[in-house]
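Worksheet: the structure to be examined is printed underneath.
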Amino acid sequence: MIRGFDPDYAAIDSSYCRFGGEALVKLLQFLESQMEGVEKSEDIEYVHKMRVASRRIRAVIPLFSECFPKKRYKRWLNEIKKITRFLGAARDLDVQILFVKEYLKRLQPNEPMPGMEALLERHASERIKLQSRVSNEIQELKNSRVLEQIASYCKRIKEATSSPFNLYSVREKAFWQISSKLDEFIAMEEYVHKENEILKHHEMRIKAKWLRYTLEVFAPLYQGELSDDIGIVKNFQDTLGELHDCDVWVRSIPGVINEIQKEPVSSPENERTMSEGNIDLLKFLEYIEQKRKSYYQQFVSLWDENKSKDSFEELRNKASAGFMAGEYRTKSELANPYVKIGLISDIHANLNALEAVIKDAENRGITVFLNAGDIIGFGAFPNEVIQALYSKNTLSVKGNFDLEVLAKNKWGKSSKKFAIEYTRKALTKSYQTYLRALPLKLEIEIAQKKFLLIHGTPDSIDEHLYHDTPDERFQEIAKKAASDIIVFGHSHEQFTKKMGDTLFINPGSVGRPGDGNPQAAYAAINVNPLSVELIRVNYDVETAADSLRRRGAPESYSQMLLRGLSLESIAAEDKAREQDMEKNCAEINSSTQSISQKYGMDIKHSEQVRKLSLELFDTLQHLHKLGKRERCWLECAAILHDIGLANGTKAHQKNTLKLILNDTQLPFTSVERQIIANIARYHRKGCPKNKDYSFKSLNSELKAKVGALAGILRLADGLDFSHQSNVEKVEAHVAFEYVTIEGFVRLNPVLEESAVNKKKDMFEQSFNKKVMLAWKQIQPLQQQTSQQPELTQQSTPAPDGNVPPPQEATSKPQQTSSS
């Protein structure tokens, strides 16, 4: 721990920062030693060495970002980037000049080469001009004293560190850094055998460079074990560098030829020289293109050779050697007889729940965590959860779902298929290595008590233990385990059970509770004297559920978290309800209306929109050909469409979506909930887009139905824009490419007409028909005794650029009897 020398400095890994500080000081000293040579410009190697040193520093500083205050870290990193940039232009010209000179040596002494000589002269002239800028930048760098500031801070880290150097701690963090850079490099594999992916090959060169620099900075920790691997990565970097240099020439030579052709011709001799210059530049271009092909073949061969030898995974294994994930770091704490321990299990990639548990546990004085497995699966954040666990020194064992993800078996149409496939795709190689390194069980001694940490039972990782499991089974396990305390998970049921001298503790599930309580579960244990507390913690379950939706998970996964039930329970409920929309729609809508009232919405408007939506649905039956189930969806969406106003008027349609998805009282299946939420969400503003994550996850058939029903709802909502129920009833008539919406109104429908014209777009897109409006005014009751109703109708199309504009009668509807 580093104490008392920086007010905005948090607790850090002092050994890791000390190691990084010492590495940076050496690099900074070397960089400074090259500055005088760069200024004198007598040897191009000074520019090369200083540039490489600046690149190494740029690579190293982010590796140890946790060791620096944020503001200074950003400023220092930007200053180092400036060094790399201004040296880069100079170094590129030096390399190109040297390359041209070497090429000219290959030519015959009498071979004409005016174009190449002109090219060399241009580059040399540019380099001379650039030197003054380089000198100025060097002087600015000296004046800024940024190198001194970084070096001084790194030395202070070492001086402020009093604890012994922990090699294992540094090796663990080295592994994660190396593995991360290796993943980034390997992720470019799809472009290896694509010769024309020039930009991707350049990007791959950069990835190889950062991997090499990372290996080099941590190499002293491995006592020469990484030398061969550094050589392999350097070969990739060099080969891809040559490839990139060729690409630069291939892009630039045609431009040079064009410039030569634009120069004025003063004589026939000059014209002949220009023509010869073009020829030798074209020969040079041909030579470069051949070189590029050769370098590309070298690169592909190098890649294929190392893939066949499994060199990349061998490198990862070497980097991971020397530490047991977190175990060494907790030994001193576990030796404390008064240590307070947090017991966790079945996190299932639920980062929101884990963070809430860790915060609550640390507030209670817990410093050590034991984790009984199933770290990943079903949640949205597998990598982040593993990161959080190892950063908290957690001792973990594997769970059955962790093994399933690593096993690569196929799952067919199981409800768990998405969880498996998403996790396998999302989980990086680094964290796969972490999981594989975890044991299936862990036996430790704390305050003279033997602990067994396991996921299921000693006999099977898949065996469930519940509070009502027969005592005989607990007795068998206790006898076999010969432990004082057995910590296990898997059943997601939080309980303790004393069986003879053995205490069984299931802390419950952090990320997937199954008892109907969505709170995260864990346990706290004091060993001396022995006491156990079973704890439930609130967390932002709606954000966790929304994170799953954003990753394309079935809505049942989100409902699983929101309701604190197993996925199997959600699926069983959905199956039991799947016929309700057709058989019990009235009951469902009654329940929906009752629930909607808690949001303080305009009940009169909601009822009017529901009524008009159903009238439009019924009179358009022959057009949409939808059935009772879809009619019930529309009715529910109409009832709920404005509940988002409870959270404010801004984008209230999006709030409506969230409320419908997250209100567990609504009597819908998971899929119906998603459909109804989307219909209600699109009652205003934009039409559905595939970037809208909740809409995107629907299949094409349901997307079409949502579009059609939302189109009808938008029209109905527009027809009550005034919230005054001005439209008594509505009918729809289809003729050719038009749908005429006929509204029977009491007052002049100016607001309604304007609103419908704005909101008709989704209906027109869904049905490929143009919407026209027609109004009939209902005669007041006192006038019905004095005159017969006029049945004459003035019909006007909604203005859309393709039909005539509304006539005057639109704003002054014909009076008609309400009979």
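For the structure tokens, the naming scheme is as follows: chains receive sequential letters (A, B, ...) according to their order of presentation, residues are indexed from 1 within each chain, and ligands are indexed from 1 in presentation order.
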Give one line per residue of stretch 6-83 of chain A that approaches stretch 91-107 of chain A to at most 7 Å, naming the two atoms of the closest pair and their distance in Å to one decimal, counting only C-alpha atoms; sort by chain then ascending residue number and deliver it as JSON lines.
{"residue": "A:Ile44", "atom": "CA", "partner": "A:Asp94", "partner_atom": "CA", "distance": 6.7}
{"residue": "A:Val47", "atom": "CA", "partner": "A:Arg91", "partner_atom": "CA", "distance": 6.3}
{"residue": "A:His48", "atom": "CA", "partner": "A:Arg91", "partner_atom": "CA", "distance": 6.2}
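Residue neighbourhood of A:Gln597, excluding near-sequence residues (fewer than 3 positions): Ser590, Ser591, Thr592, Gln593, Ser594, Gly600, Met601, Asp602, Ile603, Lys604, Ser606, Glu607, Ile639, Leu640, Asp642, Ile643 and Ala646 of chain A, at 12 Å, using only C-alpha atoms.
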Just-selected residues, N, CA, C and O atoms written as a compact mmCIF listing (two decimals), in the first residue's frame:
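In the end it all went to selection_17.txt:
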# COMPACT_ATOMS: atom_id res chain seq x y z
N SER A 590 -59.18 -6.64 -17.92
CA SER A 590 -59.65 -6.11 -16.64
C SER A 590 -58.49 -5.99 -15.67
O SER A 590 -58.34 -4.96 -14.98
N SER A 591 -57.66 -7.01 -15.63
CA SER A 591 -56.48 -6.99 -14.77
C SER A 591 -55.50 -5.90 -15.21
O SER A 591 -54.93 -5.18 -14.39
N THR A 592 -55.31 -5.78 -16.53
CA THR A 592 -54.40 -4.77 -17.07
C THR A 592 -54.88 -3.37 -16.72
O THR A 592 -54.08 -2.49 -16.33
N GLN A 593 -56.18 -3.11 -16.87
CA GLN A 593 -56.73 -1.81 -16.53
C GLN A 593 -56.52 -1.49 -15.05
O GLN A 593 -56.17 -0.37 -14.68
N SER A 594 -56.73 -2.48 -14.20
CA SER A 594 -56.55 -2.28 -12.77
C SER A 594 -55.11 -1.92 -12.44
O SER A 594 -54.84 -0.99 -11.66
N GLY A 600 -51.31 6.60 -12.55
CA GLY A 600 -51.94 7.91 -12.56
C GLY A 600 -52.21 8.44 -13.95
O GLY A 600 -52.11 9.64 -14.21
N MET A 601 -52.58 7.57 -14.89
CA MET A 601 -52.78 7.99 -16.27
C MET A 601 -54.20 8.53 -16.48
O MET A 601 -55.07 8.44 -15.61
N ASP A 602 -54.42 9.12 -17.66
CA ASP A 602 -55.73 9.65 -18.05
C ASP A 602 -56.60 8.47 -18.47
O ASP A 602 -56.53 7.98 -19.60
N ILE A 603 -57.43 7.99 -17.53
CA ILE A 603 -58.24 6.79 -17.78
C ILE A 603 -59.22 7.01 -18.94
O ILE A 603 -59.42 6.12 -19.76
N LYS A 604 -59.80 8.22 -19.01
CA LYS A 604 -60.77 8.51 -20.07
C LYS A 604 -60.12 8.41 -21.45
O LYS A 604 -60.67 7.81 -22.39
N SER A 606 -57.33 6.78 -22.19
CA SER A 606 -56.93 5.39 -22.40
C SER A 606 -58.11 4.55 -22.90
O SER A 606 -57.97 3.75 -23.83
N GLU A 607 -59.28 4.75 -22.29
CA GLU A 607 -60.47 4.00 -22.69
C GLU A 607 -60.90 4.37 -24.11
O GLU A 607 -61.30 3.50 -24.90
N ILE A 639 -54.57 0.21 -23.62
CA ILE A 639 -54.80 0.53 -22.21
C ILE A 639 -53.54 1.11 -21.57
O ILE A 639 -53.60 2.06 -20.78
N LEU A 640 -52.38 0.57 -21.95
CA LEU A 640 -51.12 0.91 -21.26
C LEU A 640 -50.29 1.97 -21.98
O LEU A 640 -49.24 2.37 -21.46
N ASP A 642 -49.94 5.04 -22.43
CA ASP A 642 -49.47 6.30 -21.85
C ASP A 642 -48.95 6.17 -20.42
O ASP A 642 -48.71 7.19 -19.76
N ILE A 643 -48.73 4.95 -19.92
CA ILE A 643 -48.28 4.84 -18.53
C ILE A 643 -46.89 5.42 -18.32
O ILE A 643 -46.51 5.78 -17.20
N ALA A 646 -45.99 8.63 -16.27
CA ALA A 646 -45.73 8.62 -14.83
C ALA A 646 -44.28 8.99 -14.53
O ALA A 646 -43.98 9.46 -13.43
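The protein and nucleic acid residues lying at most 10 Å from A:Lys408 are Leu403, Ile420, Glu421 and Arg424 of chain A, with only C-alpha atoms considered and sequence neighbours fewer than 5 positions away removed.
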Near A:Lys654, counting only C-alpha atoms, which residues have an atom at most 10 Å away, once you skip same-chain residues fewer than 5 positions from it, shown as a PyMOL selection string? chain A and resi 644-645+659+677-678+680-682+684
Please return as a ChimeraX atom specification: the residues of stretch 461-504 of chain A that backbone DSSP assigns to strand (DSSP E or B). /A:485-487,495-499,502-504
Can you build me a table of stretch 408-442 of chain A residues sitting at most 6 Å from stretch 393-399 of chain A, with the closest atom pair per residue and its distance in Å to one decimal, using only C-alpha atoms, sorted by chain and residue number, as a Markdown table?
| residue | atom | partner | partner_atom | distance |
| --- | --- | --- | --- | --- |
| A:Leu438 | CA | A:Val397 | CA | 5.5 |
| A:Pro439 | CA | A:Val397 | CA | 5.2 |
| A:Leu440 | CA | A:Lys398 | CA | 5.2 |
| A:Lys441 | CA | A:Val397 | CA | 5.7 |
Expected file: the selected residues, N, CA, C and O atoms, as a PDB file, in the first residue's frame:
ATOM      1  N   LEU A 438      -9.355 -22.921 -12.315  1.00  0.00           N
ATOM      2  CA  LEU A 438     -10.031 -23.075 -11.028  1.00  0.00           C
ATOM      3  C   LEU A 438     -10.215 -24.547 -10.677  1.00  0.00           C
ATOM      4  O   LEU A 438     -10.499 -25.368 -11.546  1.00  0.00           O
ATOM      5  N   PRO A 439     -10.099 -24.903  -9.404  1.00  0.00           N
ATOM      6  CA  PRO A 439     -10.317 -26.295  -8.995  1.00  0.00           C
ATOM      7  C   PRO A 439     -11.807 -26.611  -8.899  1.00  0.00           C
ATOM      8  O   PRO A 439     -12.649 -25.709  -8.868  1.00  0.00           O
ATOM      9  N   LEU A 440     -12.134 -27.910  -8.845  1.00  0.00           N
ATOM     10  CA  LEU A 440     -13.523 -28.325  -8.637  1.00  0.00           C
ATOM     11  C   LEU A 440     -13.898 -28.264  -7.156  1.00  0.00           C
ATOM     12  O   LEU A 440     -15.073 -28.153  -6.806  1.00  0.00           O
ATOM     13  N   LYS A 441     -12.886 -28.360  -6.288  1.00  0.00           N
ATOM     14  CA  LYS A 441     -13.140 -28.183  -4.857  1.00  0.00           C
ATOM     15  C   LYS A 441     -11.909 -27.548  -4.224  1.00  0.00           C
ATOM     16  O   LYS A 441     -10.793 -27.628  -4.775  1.00  0.00           O
TER      17      LYS A 441
END
